[in-house]
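Novice: One file is attached below, input_7.tsv, containing TSV, C-alpha atoms.
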```tsv
chain	number	residue	atom	x	y	z
Y	263	MET	CA	25.11	-41.43	13.75
Y	264	ILE	CA	21.80	-41.31	11.84
Y	265	ASP	CA	20.49	-43.90	14.30
Y	266	LEU	CA	21.38	-41.54	17.16
Y	267	VAL	CA	19.47	-38.74	15.39
Y	268	ALA	CA	16.45	-41.02	14.96
Y	269	THR	CA	16.58	-41.96	18.64
Y	270	ALA	CA	16.79	-38.29	19.66
Y	271	PHE	CA	13.65	-37.54	17.62
Y	272	GLU	CA	11.81	-40.51	19.16
Y	273	GLN	CA	12.66	-39.15	22.61
Y	274	LYS	CA	11.78	-35.59	21.49
Y	275	ASP	CA	15.29	-34.54	22.44
Y	276	TYR	CA	15.48	-31.96	19.67
Y	277	ARG	CA	18.51	-30.17	21.13
Y	278	THR	CA	20.62	-33.32	20.80
Y	279	ALA	CA	19.18	-33.98	17.33
Y	280	ALA	CA	20.17	-30.47	16.24
Y	281	LYS	CA	23.76	-30.92	17.47
Y	282	LEU	CA	24.13	-34.26	15.70
Y	283	LEU	CA	22.63	-32.89	12.47
Y	284	LYS	CA	25.00	-29.92	12.54
Y	285	GLN	CA	27.94	-32.33	12.45
Y	286	LEU	CA	26.34	-34.58	9.83
Y	287	LEU	CA	25.66	-31.63	7.53
Y	288	LYS	CA	29.39	-30.93	7.49
Y	289	GLU	CA	30.31	-34.57	6.81
Y	290	SER	CA	27.62	-35.66	4.34
Y	291	PRO	CA	25.22	-32.82	3.45
Y	292	GLU	CA	23.80	-34.67	0.41
Y	293	ASN	CA	22.79	-37.75	2.39
Y	294	PRO	CA	18.97	-38.04	1.97
Y	295	TRP	CA	18.52	-39.24	5.57
Y	296	VAL	CA	20.39	-36.20	6.83
Y	297	GLN	CA	18.19	-34.00	4.66
Y	298	PHE	CA	15.06	-35.73	5.90
Y	299	TYR	CA	15.92	-35.18	9.56
Y	300	VAL	CA	16.82	-31.55	8.85
Y	301	GLY	CA	13.28	-31.27	7.45
Y	302	ARG	CA	11.90	-32.89	10.60
Y	303	LEU	CA	13.86	-30.44	12.74
Y	304	HIS	CA	12.37	-27.54	10.75
Y	305	GLU	CA	8.93	-29.08	11.19
Y	306	VAL	CA	9.13	-29.37	14.99
Y	307	SER	CA	10.63	-25.85	15.13
Y	308	ALA	CA	7.52	-24.47	13.31
Y	309	LYS	CA	9.60	-23.55	10.25
Y	310	ARG	CA	7.00	-25.06	7.95
Y	311	GLN	CA	8.05	-23.56	4.64
Y	312	GLU	CA	11.62	-24.80	5.06
Y	313	ALA	CA	10.35	-28.26	6.07
Y	314	GLU	CA	7.96	-28.43	3.12
Y	315	LYS	CA	10.71	-27.42	0.72
Y	316	ILE	CA	12.98	-30.24	1.91
Y	317	TYR	CA	10.19	-32.86	1.90
Y	318	ARG	CA	9.19	-31.96	-1.66
Y	319	GLN	CA	12.80	-32.01	-2.81
Y	320	LEU	CA	13.23	-35.49	-1.34
Y	321	LEU	CA	10.12	-36.70	-3.18
Y	322	ARG	CA	11.62	-35.42	-6.44
Y	323	ASP	CA	15.20	-36.61	-6.00
Y	324	THR	CA	15.10	-39.72	-3.79
Y	325	THR	CA	14.29	-43.32	-4.71
Y	326	ASN	CA	14.62	-44.74	-1.19
Y	327	ALA	CA	11.14	-46.05	-0.41
Y	328	LYS	CA	11.37	-45.42	3.35
Y	329	ILE	CA	12.46	-41.80	2.89
Y	330	VAL	CA	9.77	-41.19	0.26
Y	331	THR	CA	7.10	-42.57	2.62
Y	332	GLN	CA	8.27	-40.49	5.56
Y	333	ALA	CA	8.57	-37.34	3.41
Y	334	ARG	CA	4.96	-37.83	2.29
Y	335	GLN	CA	3.88	-38.30	5.88
Y	336	GLY	CA	5.73	-35.11	6.79
Y	337	LEU	CA	3.89	-33.15	4.09
Y	338	GLN	CA	0.59	-34.61	5.26
Y	339	ARG	CA	1.31	-33.52	8.84
Y	340	LEU	CA	2.08	-29.98	7.64
Y	341	GLN	CA	-1.12	-29.85	5.60
Y	342	GLU	CA	-3.26	-31.13	8.49
Y	343	LEU	CA	-1.71	-28.59	10.84
Y	344	GLU	CA	-2.36	-25.78	8.36
Y	345	LYS	CA	-6.00	-26.90	7.94
Y	346	GLU	CA	-6.57	-26.95	11.69
Y	347	GLU	CA	-5.02	-23.51	12.16
Y	348	ARG	CA	-7.06	-22.14	9.26
Y	349	LYS	CA	-10.24	-23.61	10.68
Y	350	ARG	CA	-9.57	-22.01	14.09
Y	351	ALA	CA	-8.70	-18.67	12.47
Y	352	ILE	CA	-11.92	-18.66	10.42
Y	353	ILE	CA	-14.03	-19.52	13.48
Y	354	GLN	CA	-12.41	-16.63	15.30
Y	355	ALA	CA	-12.81	-14.31	12.29
Y	356	THR	CA	-16.56	-14.99	12.09
Y	357	ALA	CA	-17.22	-15.07	15.84
Y	358	ASN	CA	-19.27	-11.87	16.11
Y	359	SER	CA	-22.54	-11.32	14.27
Y	360	ASP	CA	-21.21	-8.48	12.10
Y	361	ASN	CA	-18.43	-10.66	10.69
Y	362	SER	CA	-20.86	-13.46	9.90
Y	363	LYS	CA	-22.86	-11.31	7.47
Y	364	LEU	CA	-22.86	-12.25	3.79
Y	365	GLY	CA	-20.18	-10.70	1.60
Y	366	VAL	CA	-18.17	-11.19	-1.56
Y	367	LEU	CA	-14.47	-11.54	-2.34
Y	368	ILE	CA	-13.39	-9.97	-5.64
Y	369	LEU	CA	-10.18	-10.75	-7.54
Y	370	GLU	CA	-8.81	-7.78	-9.45
Y	371	PRO	CA	-6.97	-8.05	-12.79
Y	372	ILE	CA	-3.32	-9.06	-12.86
Y	373	SER	CA	-0.83	-8.88	-15.72
Y	374	ASN	CA	0.02	-12.08	-17.60
Y	375	GLU	CA	3.70	-11.77	-16.65
Y	376	LEU	CA	2.81	-12.06	-12.96
Y	377	LYS	CA	0.19	-14.80	-13.31
Y	378	THR	CA	2.43	-17.84	-12.87
Y	379	GLN	CA	3.81	-16.70	-9.54
Y	380	ALA	CA	0.42	-15.40	-8.40
Y	381	ALA	CA	-1.28	-18.68	-9.36
Y	382	GLN	CA	1.21	-20.64	-7.23
Y	383	LYS	CA	0.43	-18.44	-4.24
Y	384	LEU	CA	-3.33	-18.55	-4.86
Y	385	ALA	CA	-3.21	-22.35	-5.11
Y	386	GLN	CA	-1.37	-22.59	-1.81
Y	387	ILE	CA	-3.64	-20.16	0.06
Y	388	MET	CA	-6.94	-21.55	-1.25
Y	389	GLN	CA	-5.85	-25.22	-1.43
Y	390	LEU	CA	-6.24	-25.48	-5.22
Y	391	ASP	CA	-4.26	-27.09	-7.99
Y	392	PHE	CA	-2.06	-24.72	-9.99
Y	393	TYR	CA	-4.03	-25.01	-13.26
Y	394	SER	CA	-7.37	-24.11	-11.61
Y	395	ALA	CA	-5.75	-21.24	-9.71
Y	396	ARG	CA	-4.31	-19.75	-12.89
Y	397	LEU	CA	-7.70	-19.87	-14.63
Y	398	LEU	CA	-9.24	-17.93	-11.73
Y	399	LEU	CA	-6.91	-14.95	-12.06
Y	400	PRO	CA	-8.53	-12.29	-14.30
Y	401	SER	CA	-6.54	-10.42	-16.94
Y	402	ARG	CA	-9.07	-7.61	-17.21
Y	403	GLY	CA	-12.01	-6.62	-15.08
Y	404	TRP	CA	-13.10	-8.05	-11.75
Y	405	ARG	CA	-13.93	-11.67	-10.92
Y	406	LEU	CA	-16.51	-12.54	-8.29
Y	407	TYR	CA	-14.44	-15.30	-6.74
Y	408	ARG	CA	-16.18	-16.25	-3.55
Y	409	SER	CA	-19.11	-15.44	-1.28
Y	410	GLY	CA	-19.77	-16.20	2.36
Y	411	ALA	CA	-19.28	-14.74	5.83
Y	412	ILE	CA	-17.41	-11.45	5.49
Y	413	GLY	CA	-15.05	-12.36	8.33
Y	414	GLU	CA	-13.90	-15.47	6.45
Y	415	LEU	CA	-13.54	-13.53	3.19
Y	416	GLU	CA	-11.48	-10.88	4.95
Y	417	PHE	CA	-9.26	-13.64	6.39
Y	418	TYR	CA	-8.55	-15.00	2.89
Y	419	GLY	CA	-8.36	-11.54	1.34
Y	420	LYS	CA	-5.63	-10.41	3.70
Y	421	GLN	CA	-3.58	-13.50	2.84
Y	422	LEU	CA	-4.06	-12.85	-0.88
Y	423	LYS	CA	-3.01	-9.21	-0.53
Y	424	LYS	CA	0.05	-10.26	1.45
Y	425	ALA	CA	0.91	-12.54	-1.48
Y	426	ASP	CA	0.57	-9.57	-3.90
Y	427	ILE	CA	-2.67	-10.88	-5.42
Y	428	PRO	CA	-4.92	-7.81	-5.89
Y	429	CYS	CA	-8.36	-8.25	-4.36
Y	430	PHE	CA	-10.97	-6.67	-2.10
Y	431	TRP	CA	-13.99	-7.76	-0.11
Y	432	ALA	CA	-17.32	-6.12	0.68
Y	433	LYS	CA	-20.49	-6.73	2.71
Y	434	LEU	CA	-23.78	-6.93	0.84
Y	435	ALA	CA	-25.31	-4.92	3.69
Y	436	ASP	CA	-23.12	-1.95	2.69
Y	437	ILE	CA	-24.45	-2.12	-0.87
Y	438	GLU	CA	-28.02	-2.20	0.48
Y	439	LYS	CA	-27.39	1.13	2.26
Y	440	ILE	CA	-26.77	2.96	-1.04
Y	441	GLN	CA	-29.79	4.97	-2.23
Y	442	VAL	CA	-30.76	4.53	-5.88
Y	443	PHE	CA	-32.68	7.23	-7.78
Y	444	HIS	CA	-34.09	6.40	-11.21
Y	445	VAL	CA	-33.72	9.47	-13.42
Y	446	ASN	CA	-36.68	10.33	-15.64
Y	447	TYR	CA	-35.03	13.41	-17.18
Y	448	PHE	CA	-32.79	16.40	-16.52
Y	449	GLU	CA	-34.79	19.50	-15.68
Y	450	GLU	CA	-31.73	21.73	-15.46
Y	451	TYR	CA	-28.32	21.00	-16.90
Y	452	THR	CA	-25.97	23.85	-16.00
Y	453	SER	CA	-23.36	23.75	-13.21
Y	454	LYS	CA	-26.30	23.29	-10.85
Y	455	VAL	CA	-28.25	20.25	-11.98
Y	456	THR	CA	-31.81	19.17	-11.26
Y	457	VAL	CA	-33.11	15.74	-12.16
Y	458	VAL	CA	-36.66	14.51	-11.96
Y	459	CYS	CA	-36.44	11.00	-10.56
Y	460	ARG	CA	-38.10	8.25	-8.59
Y	461	ASN	CA	-36.74	6.95	-5.31
Y	462	GLN	CA	-36.63	3.32	-4.16
Y	463	ASP	CA	-40.29	3.56	-3.07
Y	464	ASN	CA	-41.22	4.70	-6.60
Y	465	GLN	CA	-42.09	8.21	-5.35
Y	466	LEU	CA	-41.60	10.95	-7.93
Y	467	GLY	CA	-39.53	13.97	-6.92
Y	468	SER	CA	-36.50	16.04	-7.88
Y	469	LEU	CA	-32.88	16.11	-6.80
Y	470	CYS	CA	-30.52	19.06	-7.11
Y	471	PHE	CA	-26.74	18.67	-7.15
Y	472	ASP	CA	-23.53	20.07	-8.57
Y	473	TRP	CA	-21.59	18.25	-11.29
Y	474	LEU	CA	-18.52	18.43	-9.04
Y	475	GLU	CA	-20.29	16.07	-6.63
Y	476	VAL	CA	-20.26	13.28	-9.22
Y	477	LYS	CA	-17.19	11.15	-8.53
Y	478	GLY	CA	-17.70	8.09	-10.70
Y	479	ARG	CA	-19.71	6.53	-13.49
Y	480	VAL	CA	-20.61	3.03	-14.63
Y	481	GLN	CA	-21.91	2.06	-18.05
Y	482	GLY	CA	-23.19	-1.39	-18.92
Y	483	LEU	CA	-25.41	-3.40	-21.23
Y	484	LEU	CA	-28.24	-5.62	-19.98
Y	485	PRO	CA	-29.49	-8.18	-22.52
Y	486	ILE	CA	-33.05	-8.19	-23.79
Y	487	PHE	CA	-34.21	-11.80	-24.14
Y	488	GLU	CA	-36.89	-12.95	-26.56
Y	489	GLU	CA	-38.34	-16.39	-27.20
Y	490	VAL	CA	-37.84	-17.34	-30.84
Y	491	VAL	CA	-38.66	-20.34	-33.02
Y	492	ASP	CA	-35.66	-21.91	-34.73
Y	493	ARG	CA	-34.70	-25.21	-36.31
Y	494	ASP	CA	-32.36	-27.63	-34.60
Y	495	VAL	CA	-29.62	-29.63	-36.37
Y	496	ARG	CA	-32.25	-32.10	-37.60
Y	497	GLY	CA	-34.41	-29.33	-39.01
Y	498	LYS	CA	-37.06	-29.71	-36.32
Y	499	LEU	CA	-38.71	-26.53	-35.02
Y	500	GLU	CA	-37.84	-25.61	-31.44
Y	501	ARG	CA	-38.42	-22.69	-29.11
Y	502	LYS	CA	-35.43	-21.11	-27.43
Y	503	THR	CA	-34.49	-17.89	-25.71
Y	504	GLN	CA	-32.04	-15.59	-27.45
Y	505	THR	CA	-30.54	-12.16	-26.82
Y	506	GLN	CA	-32.25	-9.81	-29.27
Y	507	ASP	CA	-30.95	-6.45	-28.08
Y	508	TYR	CA	-29.62	-4.61	-25.03
Y	509	PHE	CA	-30.76	-2.04	-22.50
Y	510	GLN	CA	-28.05	0.58	-21.98
Y	511	PHE	CA	-27.49	1.73	-18.40
Y	512	CYS	CA	-25.48	4.56	-16.93
Y	513	ASP	CA	-25.01	5.08	-13.18
Y	514	LEU	CA	-23.69	8.36	-11.80
Y	515	TYR	CA	-22.22	8.32	-8.28
Y	516	ILE	CA	-22.62	11.00	-5.65
Y	517	PRO	CA	-20.77	9.41	-2.71
Y	518	GLY	CA	-21.16	12.57	-0.58
Y	519	ARG	CA	-24.89	11.84	-0.51
Y	520	ASN	CA	-24.52	8.05	-0.56
Y	521	CYS	CA	-26.60	7.77	-3.72
Y	522	ILE	CA	-26.57	6.49	-7.29
Y	523	LEU	CA	-28.42	8.24	-10.12
Y	524	ARG	CA	-29.48	5.48	-12.52
Y	525	LEU	CA	-30.36	6.21	-16.14
Y	526	TYR	CA	-31.23	3.80	-18.94
Y	527	ASP	CA	-32.01	4.35	-22.58
Y	528	LYS	CA	-35.60	3.09	-22.73
Y	529	GLY	CA	-36.54	4.69	-19.42
Y	530	TYR	CA	-35.26	8.22	-20.02
Y	531	LYS	CA	-38.00	10.65	-21.14
Y	532	PHE	CA	-36.25	12.49	-23.96
Y	533	GLN	CA	-39.35	14.55	-24.78
Y	534	GLN	CA	-39.33	16.21	-21.35
Y	535	GLY	CA	-36.96	18.51	-19.49
Y	536	VAL	CA	-33.77	19.87	-21.01
Y	537	GLU	CA	-33.53	19.31	-24.75
Y	538	ILE	CA	-30.72	16.83	-25.25
Y	539	ALA	CA	-30.71	17.34	-29.01
Y	540	PRO	CA	-33.21	18.67	-31.56
Y	541	GLN	CA	-36.01	16.14	-31.70
Y	542	THR	CA	-36.93	15.07	-35.21
Y	543	GLY	CA	-38.89	12.20	-36.63
Y	544	GLU	CA	-35.61	10.46	-37.41
Y	545	ASN	CA	-34.39	10.39	-33.80
Y	546	THR	CA	-34.15	6.87	-32.48
Y	547	ILE	CA	-33.68	5.91	-28.82
Y	548	ARG	CA	-30.08	5.00	-29.68
Y	549	ILE	CA	-29.39	8.43	-31.20
Y	550	ASN	CA	-30.97	10.21	-28.23
Y	551	TRP	CA	-29.07	8.05	-25.76
Y	552	ASN	CA	-25.73	8.68	-27.46
Y	553	ASN	CA	-26.45	12.42	-27.42
Y	554	LEU	CA	-27.25	12.21	-23.69
Y	555	LEU	CA	-23.98	10.40	-22.98
Y	556	SER	CA	-22.09	13.00	-25.01
Y	557	LEU	CA	-23.54	15.79	-22.88
Y	558	ILE	CA	-22.60	13.92	-19.70
Y	559	ASP	CA	-19.09	13.44	-21.12
Y	560	GLU	CA	-18.78	17.20	-21.56
Y	561	GLN	CA	-19.76	17.85	-17.95
Y	562	LEU	CA	-17.65	15.05	-16.42
Y	563	PRO	CA	-14.43	14.96	-18.48
Y	564	GLN	CA	-12.25	13.90	-15.51
Y	565	VAL	CA	-14.61	11.32	-14.00
Y	566	LYS	CA	-13.57	7.70	-14.49
Y	567	ILE	CA	-15.94	5.46	-16.44
Y	568	TRP	CA	-16.17	1.84	-15.30
Y	569	SER	CA	-17.28	-0.31	-18.22
Y	570	ASP	CA	-16.17	-3.88	-17.49
Y	571	PHE	CA	-19.57	-5.02	-16.29
Y	572	THR	CA	-20.04	-7.77	-18.90
Y	573	SER	CA	-16.83	-9.61	-17.98
Y	574	PHE	CA	-17.75	-9.30	-14.28
Y	575	ALA	CA	-21.27	-10.59	-14.92
Y	576	GLU	CA	-19.92	-13.74	-16.58
Y	577	THR	CA	-18.24	-14.63	-13.25
Y	578	ALA	CA	-21.31	-13.74	-11.17
Y	579	LEU	CA	-24.41	-15.04	-12.97
Y	580	ASP	CA	-24.21	-18.55	-11.49
Y	581	GLN	CA	-23.62	-17.35	-7.92
Y	582	THR	CA	-27.27	-17.45	-6.91
Y	583	GLU	CA	-26.48	-17.52	-3.17
Y	584	VAL	CA	-25.23	-13.95	-3.53
Y	585	LEU	CA	-27.60	-12.63	-6.18
Y	586	ASP	CA	-30.72	-13.93	-4.44
Y	587	ASN	CA	-29.83	-11.68	-1.48
Y	588	ILE	CA	-29.57	-8.47	-3.54
Y	589	GLU	CA	-32.38	-6.10	-4.52
Y	590	PRO	CA	-31.44	-5.06	-8.11
Y	591	HIS	CA	-33.27	-1.70	-8.15
Y	592	ILE	CA	-33.86	-2.24	-11.87
Y	593	HIS	CA	-37.45	-2.17	-13.07
Y	594	LEU	CA	-37.50	-3.70	-16.53
Y	595	PHE	CA	-40.33	-5.69	-18.02
Y	596	ARG	CA	-39.05	-9.26	-18.07
Y	597	ARG	CA	-41.03	-12.39	-18.93
Y	598	GLU	CA	-38.67	-14.28	-16.67
Y	599	LYS	CA	-36.36	-13.14	-13.90
Y	600	THR	CA	-32.71	-12.86	-14.94
Y	601	ASN	CA	-29.59	-12.58	-12.83
Y	602	TRP	CA	-28.17	-9.99	-15.25
Y	603	ASP	CA	-30.14	-7.21	-13.55
Y	604	THR	CA	-28.96	-8.16	-10.07
Y	605	ALA	CA	-25.37	-8.64	-11.28
Y	606	PHE	CA	-25.38	-5.08	-12.64
Y	607	HIS	CA	-26.48	-3.61	-9.32
Y	608	LEU	CA	-23.87	-5.71	-7.50
Y	609	TYR	CA	-21.13	-4.49	-9.86
Y	610	SER	CA	-22.30	-0.89	-9.59
Y	611	GLY	CA	-22.54	-1.13	-5.80
Y	612	LEU	CA	-19.00	-2.53	-5.57
Y	613	VAL	CA	-17.66	0.33	-7.68
Y	614	PHE	CA	-19.49	2.78	-5.43
Y	615	LEU	CA	-17.94	1.23	-2.30
Y	616	THR	CA	-14.44	1.44	-3.79
Y	617	LEU	CA	-15.01	5.17	-4.39
Y	618	LEU	CA	-16.22	5.62	-0.81
Y	619	LYS	CA	-13.15	3.80	0.49
Y	620	ALA	CA	-10.87	5.97	-1.67
Y	621	ARG	CA	-12.41	9.10	-0.13
Y	622	VAL	CA	-11.73	7.98	3.45
```
Spell out the structure here as structure tokens.
Specialist:
Amino acid sequence: MIDLVATAFEQKDYRTAAKLLKQLLKESPENPWVQFYVGRLHEVSAKRQEAEKIYRQLLRDTTNAKIVTQARQGLQRLQELEKEERKRAIIQATANSDNSKLGVLILEPISNELKTQAAQKLAQIMQLDFYSARLLLPSRGWRLYRSGAIGELEFYGKQLKKADIPCFWAKLADIEKIQVFHVNYFEEYTSKVTVVCRNQDNQLGSLCFDWLEVKGRVQGLLPIFEEVVDRDVRGKLERKTQTQDYFQFCDLYIPGRNCILRLYDKGYKFQQGVEIAPQTGENTIRINWNNLLSLIDEQLPQVKIWSDFTSFAETALDQTEVLDNIEPHIHLFRREKTNWDTAFHLYSGLVFLTLLKARV
């Protein structure tokens, strides 16, 4: 009867094949040829997951060379079909100019207990091996996973979300729309606040707001690099760049005005405006900065602080295609350009966009 099933498939008479297989499944359900043709029936009926499951099971359990070959060919057909459908879907997703704009896809942290299952799904969606997929899933903080046309990223992101893999995507153009004000100092510090600051055109002015308008806060460290002379393993002198210290940054978000107030320790003028703490000869920048953060803490006790920038930066620093398209809005004296500054603005901008989305 198996020969009759094979003939039915050759003639694409799937109704006859289904009737014959129904009888064969009752008589000899464990027969590998019966199982193979059940897989073929699933395949031609567009039940791909069921077909794949049977083909893989046959590859594990069967030694018959002909069945193994045909099961492999079946898997290859399924993979080719999936690739073609994905290609068409991506072309459609990026068809209009807005969806072709550059964006990023971010993976959010997932608990270790859920990683095995999530890695299997990620591997399947993104055509990866399981080991690589598991390494990509972050345990804490965000991972900049992919960049490209926002339509394509949204296509993948929706599949990941459907598979319970936490993620989000964002256009770089939306980050560019956020205004950044560099705070020189607080002029008033009561419920109504006034800061003296510079806008993105470096024009000095003041901004008044209410503490209740502040909906989020990011804190991060940007390394200070210095060229030093050291000895290598052979004792020979060599020049190399090392991290000597850090700039401390704090961004305050006012989403209602679509702006970020950016402060950093070596740029804040502690001798001007509201006295943060009594100024003595023993005050260091670090002491003054910690006092400033303490005062902000008192005014914003319920506002979430995002502080996982460093772990995010480690996933972003090599992604020059993205970072080269971002204006960092950080004006530090650097002997050489560093992607750390741009990565901070990207991280801060992404946090800002998540707050905007939460308000909608």
Novice: Got a sec: who's within 8 Å of Phe606 of chain Y, counting only C-alpha atoms, leaving out chain neighbours fewer than 6 positions off, as a PDB file with C-alpha atoms, in the frame of the given file?
Specialist:
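As a result, result.pdb now contains:
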```
ATOM      1  CA  GLY Y 482     -23.190  -1.390 -18.920  1.00  0.00           C
ATOM      2  CA  LEU Y 484     -28.240  -5.620 -19.980  1.00  0.00           C
ATOM      3  CA  PHE Y 571     -19.570  -5.020 -16.290  1.00  0.00           C
ATOM      4  CA  ALA Y 575     -21.270 -10.590 -14.920  1.00  0.00           C
ATOM      5  CA  PRO Y 590     -31.440  -5.060  -8.110  1.00  0.00           C
TER       6      PRO Y 590
END
```
Novice: Can you list, as an mmCIF file with C-alpha atoms, in the coordinates of the input, every protein, DNA or RNA residue that comes within 10 Å of Glu589 of chain Y when you count only C-alpha atoms, leaving out same-chain residues fewer than 3 positions away?
Specialist:
```cif
data_model
loop_
_atom_site.group_PDB
_atom_site.id
_atom_site.type_symbol
_atom_site.label_atom_id
_atom_site.label_comp_id
_atom_site.auth_asym_id
_atom_site.auth_seq_id
_atom_site.Cartn_x
_atom_site.Cartn_y
_atom_site.Cartn_z
ATOM 1 C CA ILE Y 437 -24.450 -2.120 -0.870
ATOM 2 C CA GLU Y 438 -28.020 -2.200 0.480
ATOM 3 C CA LEU Y 585 -27.600 -12.630 -6.180
ATOM 4 C CA ASP Y 586 -30.720 -13.930 -4.440
ATOM 5 C CA ILE Y 592 -33.860 -2.240 -11.870
ATOM 6 C CA ASP Y 603 -30.140 -7.210 -13.550
ATOM 7 C CA THR Y 604 -28.960 -8.160 -10.070
ATOM 8 C CA HIS Y 607 -26.480 -3.610 -9.320
ATOM 9 C CA LEU Y 608 -23.870 -5.710 -7.500
#
```
Novice: Work out how far atom CA of Gln506 of chain Y is from atom CA of Phe487 of chain Y, in Å to one decimal.
Specialist: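 Interatomic distance here is 5.8 Å.
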Novice: Taking into account all atoms listed in the file, which residue in the set Y:Glu598, Y:Glu560, Y:Glu583, Y:Glu344 is nearest to Ser409 of chain Y?
Specialist: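 Closest to Ser409 of chain Y, using all atoms listed in the file: Y:Glu583.
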Novice: What are the centre and edge lengths in Å, to one decimal, of the axis-aligned box around all listed atoms of segment 579-590 of chain Y with 4 Å added on each side, as AutoDock Vina command-line options?
Specialist:
```
--center_x -28.0 --center_y -11.8 --center_z -7.2 --size_x 16.8 --size_y 21.5 --size_z 19.5
```
Novice: One decimal, Å: what's the distance from atom CA of Trp431 of chain Y over to atom CA of Ile352 of chain Y, could you say?
Specialist: 15.3 Å
Novice: With all atoms listed in the file as the basis for distance, which of Y:Leu320, Y:Val330, Y:Leu282, Y:Met388 is at the shortest distance from Leu303 of chain Y?
Specialist: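 Going through Y:Leu320, Y:Val330, Y:Leu282, Y:Met388 one by one, the smallest distance to Leu303 of chain Y is for Y:Leu282.
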Novice: Between Y:Ala280, Y:Cys459, Y:Leu415, Y:Ile440, single out the one closest to Val366 of chain Y, counting all atoms listed in the file.
Specialist: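 Closest residue, counting all atoms listed in the file: Y:Leu415.
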Novice: So the first atom is atom CA of Cys429 of chain Y and the second is atom CA of Gly478 of chain Y; what is the distance between them in Å, to one decimal place?
Specialist: 19.9 Å
Novice: Which is closest to Ile588 of chain Y among Y:Ala385, Y:Ala435, Y:Leu555, Y:Leu369, if we use only C-alpha atoms?
Specialist: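 Of all the options, Y:Ala435 lies closest to Ile588 of chain Y.
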Novice: Between Y:Lys281, Y:Lys315, Y:Arg597, Y:Lys328, which residue has the minimum interatomic distance to Glu489 of chain Y, considering only C-alpha atoms?
Specialist: Y:Arg597
Novice: Please determine, counting all atoms listed in the file, which residue among Y:Asp472, Y:Asp463, Y:Glu347, Y:Glu370 has the shortest atom-to-atom distance to Gln441 of chain Y.
Specialist: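 Distance minimum relative to Gln441 of chain Y lands on Y:Asp463.
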Novice: Please produce segment 347-358 of chain Y, completed to N, CA and C atoms, as a PDB file, keeping the file's coordinate frame.
Specialist:
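This went into selection-v1.pdb:
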```
ATOM      1  N   GLU Y 347      -5.253 -24.918  11.808  1.00  0.00           N
ATOM      2  CA  GLU Y 347      -5.020 -23.510  12.160  1.00  0.00           C
ATOM      3  C   GLU Y 347      -5.953 -22.605  11.367  1.00  0.00           C
ATOM      4  N   ARG Y 348      -6.165 -22.941  10.097  1.00  0.00           N
ATOM      5  CA  ARG Y 348      -7.060 -22.140   9.260  1.00  0.00           C
ATOM      6  C   ARG Y 348      -8.485 -22.219   9.790  1.00  0.00           C
ATOM      7  N   LYS Y 349      -8.892 -23.428  10.170  1.00  0.00           N
ATOM      8  CA  LYS Y 349     -10.240 -23.610  10.680  1.00  0.00           C
ATOM      9  C   LYS Y 349     -10.456 -22.764  11.948  1.00  0.00           C
ATOM     10  N   ARG Y 350      -9.459 -22.797  12.856  1.00  0.00           N
ATOM     11  CA  ARG Y 350      -9.570 -22.010  14.090  1.00  0.00           C
ATOM     12  C   ARG Y 350      -9.594 -20.509  13.785  1.00  0.00           C
ATOM     13  N   ALA Y 351      -8.764 -20.094  12.825  1.00  0.00           N
ATOM     14  CA  ALA Y 351      -8.700 -18.670  12.470  1.00  0.00           C
ATOM     15  C   ALA Y 351     -10.023 -18.191  11.882  1.00  0.00           C
ATOM     16  N   ILE Y 352     -10.650 -19.037  11.054  1.00  0.00           N
ATOM     17  CA  ILE Y 352     -11.920 -18.660  10.420  1.00  0.00           C
ATOM     18  C   ILE Y 352     -13.030 -18.587  11.469  1.00  0.00           C
ATOM     19  N   ILE Y 353     -13.034 -19.550  12.396  1.00  0.00           N
ATOM     20  CA  ILE Y 353     -14.030 -19.520  13.480  1.00  0.00           C
ATOM     21  C   ILE Y 353     -13.896 -18.231  14.283  1.00  0.00           C
ATOM     22  N   GLN Y 354     -12.653 -17.865  14.557  1.00  0.00           N
ATOM     23  CA  GLN Y 354     -12.410 -16.630  15.300  1.00  0.00           C
ATOM     24  C   GLN Y 354     -12.803 -15.401  14.486  1.00  0.00           C
ATOM     25  N   ALA Y 355     -12.522 -15.457  13.161  1.00  0.00           N
ATOM     26  CA  ALA Y 355     -12.810 -14.310  12.290  1.00  0.00           C
ATOM     27  C   ALA Y 355     -14.304 -14.076  12.115  1.00  0.00           C
ATOM     28  N   THR Y 356     -15.110 -15.123  12.288  1.00  0.00           N
ATOM     29  CA  THR Y 356     -16.560 -14.990  12.090  1.00  0.00           C
ATOM     30  C   THR Y 356     -17.323 -15.082  13.405  1.00  0.00           C
ATOM     31  N   ALA Y 357     -16.616 -14.866  14.507  1.00  0.00           N
ATOM     32  CA  ALA Y 357     -17.220 -15.070  15.840  1.00  0.00           C
ATOM     33  C   ALA Y 357     -18.363 -14.098  16.116  1.00  0.00           C
ATOM     34  N   ASN Y 358     -18.180 -12.807  15.797  1.00  0.00           N
ATOM     35  CA  ASN Y 358     -19.270 -11.870  16.110  1.00  0.00           C
ATOM     36  C   ASN Y 358     -20.254 -11.781  14.946  1.00  0.00           C
TER      37      ASN Y 358
END
```
